[in-house]
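Take a look at the structure below.
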Amino acid sequence: MSPRHLTRRRLHWCTVVVLVIFTLFGARLFQIQGIDASAYAAMSVQAGTATRIDPAPRGAILDRNGQNLATSVDGVTITADPSMTAPHAPQIARILREELGDSIDYFDTIDKLRTPKSRFVYLVRDLPKWTADKAIDAIDKAELTGVFTEKGTLRSYPGGRLAANLLGYVNGAGKGVAGLEQQYDKILTGKDGSSTYEVSPTGQRIPMADSTVTKMVPGKDVKTTIDRDLQWFSDQRLVKAVRDSSSDWGLAITMDVKTCQIVQMSQAPTFDADTRTGMTDSNTVSRAVQTVYEPGSVMKTVTMAALADQGKVTADTPIVVPSKMVIDKYPIGDYWEHGTLKLTAAGVIALSSNLGTIVAARQMSNETMYDYFRKFGFGQESGVKLPGESKGILSHGKDWTKANHATISFGQGISVTAMQMMRAVGAIANAGKMCEPAVVASTRDADGEETPVGSAASHRVVSKDAAATVTRMMEAVTAEDGTAPAAAIKGYRVAGKTGTAWRVDPATGRYIRGQNTVSFMGFAPADNPRFLTYIVLDKPYSNAGGGSTAAPVFHDIMSMALERFGVAPSGSKSPKVEQTWE
């Protein structure tokens with residue numbers, strides 16, 4: 001075969017091969033552009049776009065003057081692309097462990113960095129920015145690739161333990177799980193934004209390319225009724241009282257009696273919401289609304305208010321107090337030994353006589369007394385709007401025995417929360433009108449517009465005269481011959497009442513001899529009440545009493561509140577109230 005003929009055959013076959021190749025390419029191009037155009041277009045967009053989440057900061061929780069009690073600060077989440085990090089996973093994990101310490105697990109991180117068929121994993125969430133930057137710088141310095149960061153927010157509590165049980169805290173996902181953080185979670189939580197944009201094959205954003213942006217909406221701020229300085233002082237004073245009295249726990253609450261706004265709510269022991277230390281079940285519970293206990297003699301003020309409202313007692317009403325009683329085979333006495341006494345109703349309160357209260361309360365039937373206790377809010381929530389609130393325990397009057405009637409009149413056989421007691425005695429301080437305690441005043445959006453949080457209107461529980469009568473009795477408590485002269489404040493008229501109650505063993509439901517819950521409730525100025533403060537100390541040393549142990553704490557916190565809010569001293573001295581009669 002001639003050379004020319006061979007060349008012609010080769011040229012022919014080459015042409016055939018080229019035509020076949022072009023035919024295949026043409027068929028594939030037709031499939032892509034004609035048949036599967038939309039699917040491939042979507043794949044192209046997906047491969048060439050990136051989405052960045054713009055996290056919405058959680059709203060702040062503020063005190064009544066706008067100071068931060070809880071706020072959000074810049075945080076960083078570290079992520080990785082396992083397709084890039086798998087070959088160097090041990091080295092990257094070692095650097096992160098060295099820089100972040102216990103925030104990261106070495107072996108778990110290696111597994112994440114080697115995740116098969118994945119382009120994205122979270123390594124560690126919610127780090128302070130400076131900590132994350134230090135770790136990323138160390139990885140960059142080692143010339144390792146595939147580790148990235150995402151912007152986020154962290155919850156910060158500048159006061160640490162300050163009002164921790166009221167504020168609550170958030171979980172790892174940033175959701176409120178206790179206190180105000182839980183109650184107002186929907187308001188505090190904003191709406192994350194996002195931006196989707198086109199990127200080059202190397203992951204760089206393409207300038208002027210199409211992008212889609214969803215605007216981020218920050219969470220709203222919650223402005224509380226708490227005064228930060230008074231709260232701090234009260235926290236410290238209560239911690240000292242619990243320590244000095246060897247109590248299991250203590251509470252201190254102060255309320256503006258005109259508005260029912262809580263200006264201070266302390267608990268000890270507590271926890272540090274910022275460092276997450278001390279977070280045990282007993283420390284994180286909000287005892288003001290969740291813990292129930294028998295209040296003891298503070299309840300005598302409610303019993304006397306009910307009697308005064310019916311016109312059955314005045315401060316000077318004579319009462320013959322026996323040396324002891326046996327009711328339904330139960331012996332009942334006073335905390336001191338005595339014979340038959342001739343006390344006025346004011347004397348019964350001033351000396352805190354159980355027996356005198358029983359004698360006076362016998363003027364009410366079971367149904368009448370029960371109805372008044374319900375009117376004062378016992379056996380129902382206080383309306384303070386905090387999670388997990390207990391209704392306490394008040395059995396129905398129709399089921400009371402004579403012993404029940406007697407002991408409930410002086411605060412045993414009934415279980416309450418501290419917030420219920422605040423609301424009830426607050427009605428006496430507020431001339432017979434009761435309102436729901438409030439811990440939040442308003443919410444505020446990102447533009448600074450405030451929306452007041454509505455509160456229920458006050459309603460009358462007892463007459464103005466009845467409230468004034470009991471106030472007069474309570475002023476005798478803080479007199480020199482009363483049970484709590486330590487609660488007196490120079491220049492101010494102070495009305496108050498001590499409380500000492502046997503503790504109940506939760507396991508058996510029986511009283512524990514020698515273990516008490518002691519308390520003091522008082523308001524000032526008694527002639528024009530502004531603040532009500534309640535101190536509770538649970539299981540202090542055996543001979544502790546409300547007048548000797550709780551009253552001094554009341555004195556210090558109430559004095560601070562009066563000074564802090566510029567309340568003028570009383571214009572007169574407390575009237576002399578006769579405690580005995582002949």
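Please note that chains go A, B, ... in the order of the structure tokens, that every chain numbers its residues from 1, and that ligands are numbered from 1 in the order shown.
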For segment 502-506 of chain A, please output as number ranges by chain all residues within 8 Å (counting only C-alpha atoms; exclusion window: fewer than 5 positions along the same chain).
A: 293-294, 296, 412, 511-517, 539
Which polymer residues have any atom within 12 Å of an atom of Val384 of chain A, counting only C-alpha atoms, with same-chain residues fewer than 2 positions away left out, as a ChimeraX atom specification?
/A:166,179-180,183,225,255,260-262,288-290,380-382,386-391,417-420,422-423,435-441,453-456
Tell me, as a ChimeraX atom specification, which residues lie within 6 Å of segment 109-123 of chain A, counting only C-alpha atoms; anything in the same chain fewer than 3 positions away does not count.
/A:78-83,85-86,89-90,93,105-106
Excluding segment 401-404 of chain A and residues on its chain fewer than 3 positions from it, collect all residues at most 8 Å away from it, counting only C-alpha atoms, and give them as a PyMOL selection string.
chain A and resi 327-328+330+407-408+413
